[in-house]
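Text of the file data_15.txt, holding compact mmCIF, C-alpha atoms (C1' of nucleotides):
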# COMPACT_ATOMS: atom_id res chain seq x y z
CA MET F 657 0.00 0.00 0.00
CA LYS F 658 1.38 3.36 -1.00
CA GLU F 659 2.04 5.61 1.97
CA LEU F 660 2.08 9.36 1.67
CA LYS F 661 4.94 11.28 3.23
CA SER F 662 4.25 13.36 6.32
CA ASP F 663 5.52 16.50 4.68
CA TYR F 664 6.05 17.74 1.16
CA GLN F 665 8.09 20.51 -0.35
CA CYS F 666 5.50 21.24 -2.97
CA ALA F 667 1.79 20.57 -3.42
CA ILE F 668 2.30 19.29 -6.93
CA ASP F 669 4.53 16.63 -5.51
CA LEU F 670 1.80 15.55 -3.15
CA VAL F 671 -0.79 15.51 -5.90
CA ILE F 672 1.40 13.22 -7.96
CA ASP F 673 1.66 10.83 -5.04
CA VAL F 674 -2.09 10.85 -4.49
CA ILE F 675 -3.42 10.57 -8.04
CA GLY F 676 -0.31 9.57 -9.98
CA GLY F 677 0.14 6.31 -11.83
CA LYS F 678 -1.64 4.74 -14.73
CA TRP F 679 -5.14 4.29 -13.34
CA LYS F 680 -6.15 6.67 -10.57
CA VAL F 681 -7.31 9.67 -12.53
CA LEU F 682 -9.12 7.36 -14.90
CA ILE F 683 -10.93 5.79 -11.98
CA LEU F 684 -11.78 9.16 -10.47
CA TRP F 685 -12.87 10.41 -13.86
CA ASN F 686 -15.20 7.47 -14.12
CA LEU F 687 -16.60 7.89 -10.65
CA ASN F 688 -17.48 11.46 -11.47
CA GLU F 689 -20.44 9.97 -13.28
CA GLY F 690 -21.77 8.78 -9.97
CA VAL F 691 -21.72 5.75 -7.72
CA LYS F 692 -20.49 2.60 -9.41
CA ARG F 693 -20.11 -1.05 -8.55
CA PHE F 694 -16.84 -2.89 -8.86
CA ASN F 695 -17.53 -4.73 -12.10
CA GLU F 696 -19.22 -1.70 -13.54
CA LEU F 697 -15.98 0.21 -13.04
CA LYS F 698 -14.01 -2.69 -14.43
CA ARG F 699 -16.02 -2.63 -17.63
CA SER F 700 -15.43 1.10 -17.96
CA LEU F 701 -11.67 0.69 -17.72
CA PRO F 702 -11.08 -1.54 -20.76
CA ASN F 703 -7.70 -2.99 -19.95
CA ILE F 704 -7.47 -2.90 -16.21
CA THR F 705 -6.94 -6.12 -14.31
CA GLN F 706 -8.93 -7.03 -11.25
CA LYS F 707 -5.82 -6.75 -9.13
CA MET F 708 -4.99 -3.23 -10.28
CA LEU F 709 -8.56 -2.02 -9.88
CA THR F 710 -8.77 -3.36 -6.34
CA GLN F 711 -5.36 -2.02 -5.44
CA GLN F 712 -5.93 1.45 -6.80
CA LEU F 713 -9.39 1.69 -5.25
CA ARG F 714 -7.96 0.71 -1.87
CA GLU F 715 -5.33 3.42 -2.10
CA LEU F 716 -7.83 6.04 -3.21
CA GLU F 717 -10.01 4.99 -0.28
CA GLU F 718 -7.10 5.10 2.16
CA HIS F 719 -6.19 8.57 0.94
CA GLY F 720 -9.75 9.79 1.34
CA LEU F 721 -10.74 10.34 -2.28
CA VAL F 722 -13.08 7.40 -2.66
CA GLU F 723 -15.67 5.86 -0.38
CA ARG F 724 -16.43 2.16 -0.37
CA THR F 725 -19.77 0.77 0.71
CA VAL F 726 -20.31 -2.93 1.19
CA TYR F 727 -23.85 -4.26 1.18
CA GLN F 728 -24.28 -7.52 3.04
CA GLU F 729 -26.05 -9.38 0.32
CA VAL F 730 -25.55 -12.54 -1.69
CA PRO F 731 -24.09 -12.08 -4.21
CA PRO F 732 -22.05 -9.26 -2.71
CA ARG F 733 -22.63 -5.70 -3.78
CA VAL F 734 -19.91 -3.12 -3.31
CA GLU F 735 -20.30 0.45 -4.39
CA TYR F 736 -17.68 3.11 -4.90
CA ALA F 737 -18.22 6.83 -4.80
CA THR F 738 -16.02 9.90 -4.68
CA THR F 739 -15.74 11.73 -1.36
CA GLU F 740 -16.11 15.48 -1.03
CA MET F 741 -12.37 15.83 -1.44
CA GLY F 742 -12.53 13.63 -4.51
CA LYS F 743 -15.33 15.66 -6.03
CA LYS F 744 -13.23 18.77 -5.66
CA LEU F 745 -10.87 17.30 -8.23
CA GLN F 746 -13.61 17.09 -10.85
CA SER F 747 -13.04 20.51 -12.33
CA THR F 748 -9.30 19.93 -12.49
CA LEU F 749 -9.77 16.60 -14.24
CA PHE F 750 -12.16 18.28 -16.62
CA GLU F 751 -9.54 20.90 -17.41
CA MET F 752 -7.01 18.16 -18.04
CA CYS F 753 -9.44 16.45 -20.37
CA LYS F 754 -10.17 19.59 -22.35
CA TRP F 755 -6.48 20.27 -22.71
CA GLY F 756 -5.95 16.69 -23.84
CA ASP F 757 -8.60 17.05 -26.54
CA GLU F 758 -7.02 20.23 -27.83
CA TYR F 759 -3.55 18.76 -27.67
CA ALA F 760 -4.64 15.69 -29.60
CA GLN F 761 -5.90 17.90 -32.40
CA THR F 762 -2.67 19.82 -32.73
CA GLN F 763 -0.72 16.57 -32.85
CA GLY F 764 -2.96 14.69 -35.24
CA ILE F 765 -3.80 12.16 -32.58
CA THR F 766 -7.11 10.39 -32.96
CA MET F 767 -9.40 10.62 -29.99
CA ASN F 768 -12.34 8.29 -29.67
CA ARG F 769 -14.06 10.63 -27.28
CA CYS F 770 -15.23 8.51 -24.44
CA TRP F 771 -18.29 8.30 -22.23
CA THR F 772 -17.30 10.70 -19.56
CA THR F 773 -16.21 13.41 -21.89
CA TYR F 774 -19.61 13.37 -23.49
CA ASN F 775 -21.38 13.45 -20.17
CA PHE F 776 -19.48 16.54 -19.20
CA MET F 777 -19.73 18.26 -22.55
CA ASP F 778 -23.50 18.00 -22.65
CA MET E 1278 12.17 8.01 -25.75
CA LYS E 1279 8.51 7.71 -24.88
CA GLU E 1280 6.29 7.53 -27.93
CA LEU E 1281 2.66 8.57 -27.84
CA LYS E 1282 0.07 6.29 -29.37
CA SER E 1283 -1.61 7.38 -32.58
CA ASP E 1284 -5.04 7.15 -31.07
CA TYR E 1285 -6.52 7.19 -27.60
CA GLN E 1286 -9.82 6.12 -26.16
CA CYS E 1287 -9.87 8.95 -23.69
CA ALA E 1288 -8.20 12.34 -23.35
CA ILE E 1289 -7.27 11.68 -19.76
CA ASP E 1290 -5.29 8.69 -20.95
CA LEU E 1291 -3.38 10.88 -23.36
CA VAL E 1292 -2.71 13.49 -20.72
CA ILE E 1293 -1.23 10.86 -18.45
CA ASP E 1294 1.10 9.76 -21.22
CA VAL E 1295 2.19 13.32 -21.92
CA ILE E 1296 2.69 14.70 -18.42
CA GLY E 1297 2.69 11.54 -16.30
CA GLY E 1298 5.60 10.26 -14.28
CA LYS E 1299 7.51 11.63 -11.38
CA TRP E 1300 9.00 14.78 -12.85
CA LYS E 1301 7.13 16.29 -15.78
CA VAL E 1302 4.51 18.37 -14.03
CA LEU E 1303 7.15 19.56 -11.60
CA ILE E 1304 9.30 20.69 -14.51
CA LEU E 1305 6.39 22.40 -16.23
CA TRP E 1306 5.36 23.97 -12.96
CA ASN E 1307 8.85 25.37 -12.62
CA LEU E 1308 8.99 26.66 -16.16
CA ASN E 1309 5.80 28.58 -15.55
CA GLU E 1310 8.02 31.07 -13.78
CA GLY E 1311 9.70 31.83 -17.07
CA VAL E 1312 12.65 30.78 -19.15
CA LYS E 1313 15.23 28.79 -17.24
CA ARG E 1314 18.65 27.32 -17.87
CA PHE E 1315 19.45 23.68 -17.36
CA ASN E 1316 21.28 23.98 -14.06
CA GLU E 1317 18.81 26.52 -12.83
CA LEU E 1318 16.07 23.97 -13.32
CA LYS E 1319 18.21 21.32 -11.72
CA ARG E 1320 18.62 23.43 -8.61
CA SER E 1321 14.86 23.96 -8.45
CA LEU E 1322 14.17 20.23 -8.51
CA PRO E 1323 16.02 19.19 -5.36
CA ASN E 1324 16.44 15.48 -5.96
CA ILE E 1325 16.42 15.09 -9.70
CA THR E 1326 19.42 13.54 -11.41
CA GLN E 1327 21.00 15.01 -14.48
CA LYS E 1328 19.92 12.03 -16.50
CA MET E 1329 16.27 12.32 -15.51
CA LEU E 1330 16.15 16.05 -16.10
CA THR E 1331 17.64 15.68 -19.56
CA GLN E 1332 15.41 12.77 -20.40
CA GLN E 1333 12.20 14.40 -19.25
CA LEU E 1334 13.05 17.69 -20.94
CA ARG E 1335 13.69 15.85 -24.20
CA GLU E 1336 10.33 14.15 -24.04
CA LEU E 1337 8.52 17.35 -23.15
CA GLU E 1338 10.27 18.97 -26.10
CA GLU E 1339 9.41 16.10 -28.43
CA HIS E 1340 5.78 16.32 -27.37
CA GLY E 1341 5.68 20.03 -27.96
CA LEU E 1342 5.29 21.34 -24.42
CA VAL E 1343 8.75 22.74 -23.98
CA GLU E 1344 11.10 24.65 -26.25
CA ARG E 1345 14.85 24.30 -26.08
CA THR E 1346 17.19 27.03 -27.20
CA VAL E 1347 20.92 26.46 -27.49
CA TYR E 1348 23.22 29.47 -27.53
CA GLN E 1349 26.53 28.83 -29.22
CA GLU E 1350 28.74 30.09 -26.47
CA VAL E 1351 31.50 28.77 -24.30
CA PRO E 1352 30.56 27.63 -21.76
CA PRO E 1353 27.33 26.42 -23.34
CA ARG E 1354 24.07 28.08 -22.47
CA VAL E 1355 20.81 26.23 -22.98
CA GLU E 1356 17.45 27.70 -22.11
CA TYR E 1357 14.13 26.01 -21.66
CA ALA E 1358 10.72 27.59 -21.99
CA THR E 1359 7.16 26.38 -22.22
CA THR E 1360 5.45 26.46 -25.60
CA GLU E 1361 1.98 27.87 -26.16
CA MET E 1362 0.53 24.41 -25.61
CA GLY E 1363 2.57 24.10 -22.45
CA LYS E 1364 1.38 27.44 -21.15
CA LYS E 1365 -2.19 26.30 -21.60
CA LEU E 1366 -1.56 23.76 -18.88
CA GLN E 1367 -0.66 26.46 -16.36
CA SER E 1368 -4.16 26.99 -15.03
CA THR E 1369 -4.70 23.26 -14.70
CA LEU E 1370 -1.47 22.84 -12.79
CA PHE E 1371 -2.47 25.73 -10.59
CA GLU E 1372 -5.77 24.04 -9.85
CA MET E 1373 -3.91 20.86 -8.99
CA CYS E 1374 -1.66 22.80 -6.66
CA LYS E 1375 -4.53 24.49 -4.88
CA TRP E 1376 -6.27 21.18 -4.41
CA GLY E 1377 -3.04 19.72 -3.06
CA ASP E 1378 -2.71 22.50 -0.51
CA GLU E 1379 -6.26 21.98 0.68
CA TYR E 1380 -5.86 18.21 0.74
CA ALA E 1381 -2.68 18.49 2.77
CA GLN E 1382 -4.53 20.48 5.41
CA THR E 1383 -7.32 17.94 5.76
CA GLN E 1384 -4.79 15.16 6.13
CA GLY E 1385 -2.45 16.90 8.52
CA ILE E 1386 0.33 16.83 5.98
CA THR E 1387 2.97 19.50 6.31
CA MET E 1388 3.51 21.60 3.23
CA ASN E 1389 6.58 23.73 2.91
CA ARG E 1390 4.92 25.92 0.37
CA CYS E 1391 7.39 26.30 -2.43
CA TRP E 1392 8.52 29.09 -4.71
CA THR E 1393 6.05 28.69 -7.48
CA THR E 1394 3.03 28.51 -5.29
CA TYR E 1395 3.97 31.84 -3.80
CA ASN E 1396 4.52 33.40 -7.16
CA PHE E 1397 1.05 32.39 -8.21
CA MET E 1398 -0.63 33.29 -4.96
CA ASP E 1399 0.71 36.83 -4.92
C1' DC L 1256 27.88 24.05 -18.48
C1' DC L 1257 25.32 20.69 -20.34
C1' DG L 1258 25.08 16.96 -21.41
C1' DT L 1259 25.74 11.00 -22.85
C1' DA L 1260 26.50 6.15 -21.82
C1' DT L 1261 26.14 2.26 -18.92
C1' DC L 1262 24.62 -0.40 -15.50
C1' DC L 1263 21.43 -1.55 -11.89
C1' DA L 1264 17.59 -1.60 -8.28
C1' DA L 1265 13.01 -1.02 -7.14
C1' DG L 1266 8.47 -1.01 -7.89
C1' DA L 1267 4.59 -0.54 -10.89
C1' DG L 1268 1.81 -3.16 -13.45
C1' DG L 1269 0.02 -7.69 -15.59
C1' DA L 1270 -1.36 -12.96 -16.02
C1' DT L 1271 -3.31 -16.46 -13.91
C1' DA L 1272 -5.47 -19.28 -10.53
C1' DC L 1273 -8.31 -19.60 -6.61
C1' DT L 1274 -12.23 -18.12 -2.88
C1' DG L 1275 -16.22 -16.50 0.42
C1' DC I 226 -19.85 -10.50 -7.43
C1' DA I 227 -15.93 -8.98 -5.65
C1' DG I 228 -12.34 -9.96 -4.39
C1' DT I 229 -6.90 -12.66 -2.73
C1' DA I 230 -2.65 -14.75 -3.65
C1' DT I 231 1.37 -15.68 -6.50
C1' DC I 232 4.46 -15.03 -9.68
C1' DC I 233 6.57 -12.58 -13.28
C1' DT I 234 7.85 -8.80 -16.68
C1' DC I 235 9.01 -4.44 -17.90
C1' DT I 236 9.49 0.24 -17.16
C1' DT I 237 11.00 4.00 -14.32
C1' DG I 238 14.25 6.06 -12.18
C1' DG I 239 18.87 6.41 -9.81
C1' DA I 240 24.24 6.00 -9.44
C1' DT I 241 28.24 6.65 -11.57
C1' DA I 242 31.60 7.73 -14.96
C1' DC I 243 32.92 10.14 -18.93
C1' DG I 244 32.75 13.81 -22.95
C1' DG I 245 32.34 18.34 -26.02
Write-out of the structure in structure tokens:
Amino acid sequence: MKELKSDYQCAIDLVIDVIGGKWKVLILWNLNEGVKRFNELKRSLPNITQKMLTQQLRELEEHGLVERTVYQEVPPRVEYATTEMGKKLQSTLFEMCKWGDEYAQTQGITMNRCWTTYNFMD
Amino acid sequence: MKELKSDYQCAIDLVIDVIGGKWKVLILWNLNEGVKRFNELKRSLPNITQKMLTQQLRELEEHGLVERTVYQEVPPRVEYATTEMGKKLQSTLFEMCKWGDEYAQTQGITMNRCWTTYNFMD
DNA sequence: CCGTATCCAAGAGGATACTG
DNA sequence: CAGTATCCTCTTGGATACGG
């Protein structure tokens, strides 16, 4: 489990530790749509493995960006949602996404605009 | 040298490829202050090695976020600056930084607010 | 001053099998 | 359904030495 340091020289540094890596912003970006179940998230992240999804969700939970709710049912139901702190990243992620779209155009990169972009753009 | 894919499913994915990793946003964040020389940058990034700084700058240059200017002098002088596309990330990075500051407070993480934050805040 | 080249360690990320 | 548990690969990043 990734542990944050107790002090940082720079906020950007901290942000990288909290949402860095291959999957975390994608997960948060997905959860912006609303509460989602584990397999629902998994389907939204085309190439993620079960291990990575679990691992990243646990870290996001530990760091207070994501909330996990287990319903005692059979079969099990587990729902994930962003916390208040997580929601506050929405606008930043949206900015990143807009920049990415623009950047892709200037570089001739094809962008199969995905679900969440559409939801936001509407 | 890191190559971008020719198409992406999602802009966020692209953004991660372009500015992901341990150093790139820190470098961009530093360059927001203005043009900087190689060793000047190196001093601003306390623990970066020469190899990493060179490598990351080359990739940022290749991807069109940073511009490199070599002056034919002895000793050599090389200056780095953000491109237009790079500058367009400034506000996003600033948002990230603000979020990081707030997050640090809620988590009891010490933040030795650094140079660039001050410059922006003023 | 501003790099390159080489080698190496650590950890992130993935494949696969199994479980309450 | 929603996970664990292993094992393994590959990339990232760091140390060090050398060069124009």
Counting all atoms listed in the file, a student should be able to say which residues of chain L come within 10 Å of chain F; what is the right answer, written as a ChimeraX atom specification? /L:1267-1270,1275
Using all atoms listed in the file, select each residue of chain I with any atom at most 9 Å away from an atom of chain E, and give the selection as a ChimeraX atom specification. /I:237-239
Write to file, as a PDB file, in the frame of the given file, the residues of the selection just made, with C-alpha atoms (C1' of nucleotides).
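Printed below is again-v2.pdb as written:
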ATOM      1  C1'  DT I 237      11.000   4.000 -14.320  1.00  0.00           C
ATOM      2  C1'  DG I 238      14.250   6.060 -12.180  1.00  0.00           C
ATOM      3  C1'  DG I 239      18.870   6.410  -9.810  1.00  0.00           C
TER       4       DG I 239
END
Pull the closest atom pair for each residue of chain F that gets at most 6 Å from chain E, along with the distance in Å to one decimal, counting all atoms listed in the file, ordering rows by chain and then ascending residue number, as a tab-separated table.
residue	atom	partner	partner_atom	distance
F:Ser662	CA	E:Ile1386	CA	5.2
F:Asp663	CA	E:Thr1387	CA	4.3
F:Tyr664	CA	E:Met1388	CA	5.1
F:Gln665	CA	E:Asn1389	CA	4.8
F:Cys666	CA	E:Cys1391	CA	5.4
F:Ala667	CA	E:Gly1377	CA	4.9
F:Ile668	CA	E:Cys1374	CA	5.3
F:Val671	CA	E:Gly1377	CA	5.6
F:Cys753	CA	E:Ala1288	CA	5.2
F:Gly756	CA	E:Ala1288	CA	4.9
F:Asp757	CA	E:Ala1288	CA	5.7
F:Ile765	CA	E:Ser1283	CA	5.3
F:Thr766	CA	E:Asp1284	CA	4.3
F:Met767	CA	E:Tyr1285	CA	5.1
F:Asn768	CA	E:Gln1286	CA	4.8
F:Arg769	CA	E:Cys1287	CA	5.8
F:Cys770	CA	E:Cys1287	CA	5.4
If we count only C-alpha atoms (C1' of nucleotides), what is near DT1271 (chain L) at a cut-off of 10 Å, once residues fewer than 2 positions away on the same chain are taken out, given as a ChimeraX atom specification? /L:1269,1273 /I:231-232
Using Å and a single decimal, report how far CA of Asn686 (chain F) sits from CA of Gln712 (chain F). 13.3 Å
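Between CA of Glu1336 (chain E) and C1' of DC233 (chain I) the interatomic distance comes to 29.1 Å.
Going from CA of Pro1352 (chain E) over to CA of Phe1315 (chain E), you cover 12.6 Å.
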Let me make sure I understand: among F:Val730, F:Val722, F:Val691, F:Leu709, which one has the smallest atom-to-atom distance to DG228 (chain I) if we use all atoms listed in the file? F:Leu709
Considering all atoms listed in the file, return as an NGL selection string whatever protein or nucleic-acid residues lie within 10 Å of region 242-244 of chain I, sequence-local ones (same chain, fewer than 6 positions apart) excluded. :L and (1258-1261)
Can those selected residues be exported to a file as a compact mmCIF listing (two decimals), keeping the file's coordinate frame so that it contains C-alpha atoms (C1' of nucleotides)?
# COMPACT_ATOMS: atom_id res chain seq x y z
C1' DG L 1258 25.08 16.96 -21.41
C1' DT L 1259 25.74 11.00 -22.85
C1' DA L 1260 26.50 6.15 -21.82
C1' DT L 1261 26.14 2.26 -18.92
